[in-house]
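Below: the structure, in structure tokens.
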Amino acid sequence: MSTTSDLQDATLEEALVTYEKLQDLEDEMDDVETEILRQQDKLLRDIYKRRKEVIAKLPQFWPLVLEQAPMDIDEYIQSSDSAVLLSSLVNLEVERFELPNGDPRSVSIKFEFKENEWFENKVLEKKFYWRHAKDTWAGLVSEPVNINWKAGKDLTNGMLDLVCKVYEDEKAGKEGETENVKKLKKAMDECAMDGVSFFAWFGFRGRKITAEEDKEAQQKEAERRQARKEGKKTEDEEMDEDDDDDDEDEYELEIFPTADDLAVCIADDLYPGAIEYFRNAQEQDEMSDADFEDDDEDEDEEMEDESKNAPANKKRKA
């Protein structure tokens with residue numbers, strides 16, 4: 001006769017098998033979505049090229065698109081950022097630069113500017129790499145991009161420059177609480193994080209995962225998937241508290257922690273939907289002009305009514 005303990009063990013075993021099947025389905029859905037991105041890029045590449053040629057004749061195209069940006073993007077653009085973007089941005093381009101053989105989720109986002117009073121750069125390009133970690137995490141990582149600000153015009157209040165210096169220190173083998181790390185922490189403490197400039201986005205790094213670590217993690221994940229398909233038990237990928245602490249430390253010096261989410265919004269929404277956002281801006285301008293004309297007509301009618309109702313002036317005797 002089966003005991004209560006045996007039944008509980010059987011139920012638990014069945015639940016674990018069900019969870020593994022759900023994980024397999026989620027993996028397959030992820031593969032499909034990735035393949036859709038790959039094919040979509042292939043089909044749209046020529047269209048984007050022709051779109052670029054057309055909008056080159058519309059100098060205010062991208063500034064107007066940004067004016068109509070969805071909330072997921074607009075919430076990160078401060079009024080001081082708008083002054084730069086609306087007056088100086090001439091082109092925006094997104095490229096899935098690891099294709100055709102790499103991951104389509106890796107994206108390059110390039111902003112082109114005309115001469116302006118804020119910085120010397122004519123082009124600011126930031127690359128986001130889709131990477132995998134040994135703890136099964138997958139997401140976007142990047143490297144900081146320096147901006148050559150003109151005197152007194154740094155919208156990030158020196159934080160972006162410090163992020164770049166910390167990055168260079170690490171590449172030179174300088175780890176730990178360096179002088180630049182101390183300065184960056186102090187600058188972050190003094191800055192109201194809800195008012196961080198959009199241009200701090202260029203300082204995002206994310207988790208520190210090398211190309212070699214990514215390749216190794218992908219191989220292990222492929223082995224886990226194969227084992228599940230064959231009905232074999234897989235080792236649980238558990239992170240100890242030290243690993244959790246390490247992950248938190250990796251984001252300790254991020255001046256724009258959600259930059260990866262913003263990158264996805266730009267690549268998957270704003271860029272492909274640019275014509276629609278531009279059209280919305282045009283329609284809004286037309287509505288504003290119509291409202292302005294209506295206001296003028298109303299004022300003219302009010303003046304006419306007042307003129308008719310006003311008492312006639314008596315003629316003065318000579």
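Identifiers for the structure tokens are assigned positionally: chains receive A, B, ... in sequence, residues are indexed from 1 per chain, and ligands are indexed from 1 in the order shown.
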
task: Please run DSSP on the backbone and report, as a VMD selection string, all residues within segment 161-267 of chain A that come out as alpha helix (DSSP H).
output: chain A and resid 161 to 171 179 to 190 211 to 229 241 to 250 259 to 265

query: Any idea what's packed within 12 Å of Leu270 of chain A, counting only C-alpha atoms, ignoring anything in its chain fewer than 6 positions away? Could you give it as an NGL selection string?
result: :A and (62-74 or 92-94 or 109 or 262-264 or 276-278)

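Closest approach to Asp161 of chain A from the set A:Ile255, A:Val196, A:Asp135, A:Glu95 is made by A:Ile255, with distances taken over only C-alpha atoms.
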
query: Using the chain letters and numbers from this document, which residues of segment 17-203 of chain A does DSSP assign to strand (DSSP E), as a PyMOL selection string?
result: chain A and resi 89-95+107-113+123-132+138-142

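The space between atom CA of Glu168 of chain A and atom CA of Ile147 of chain A spans 14.7 Å.
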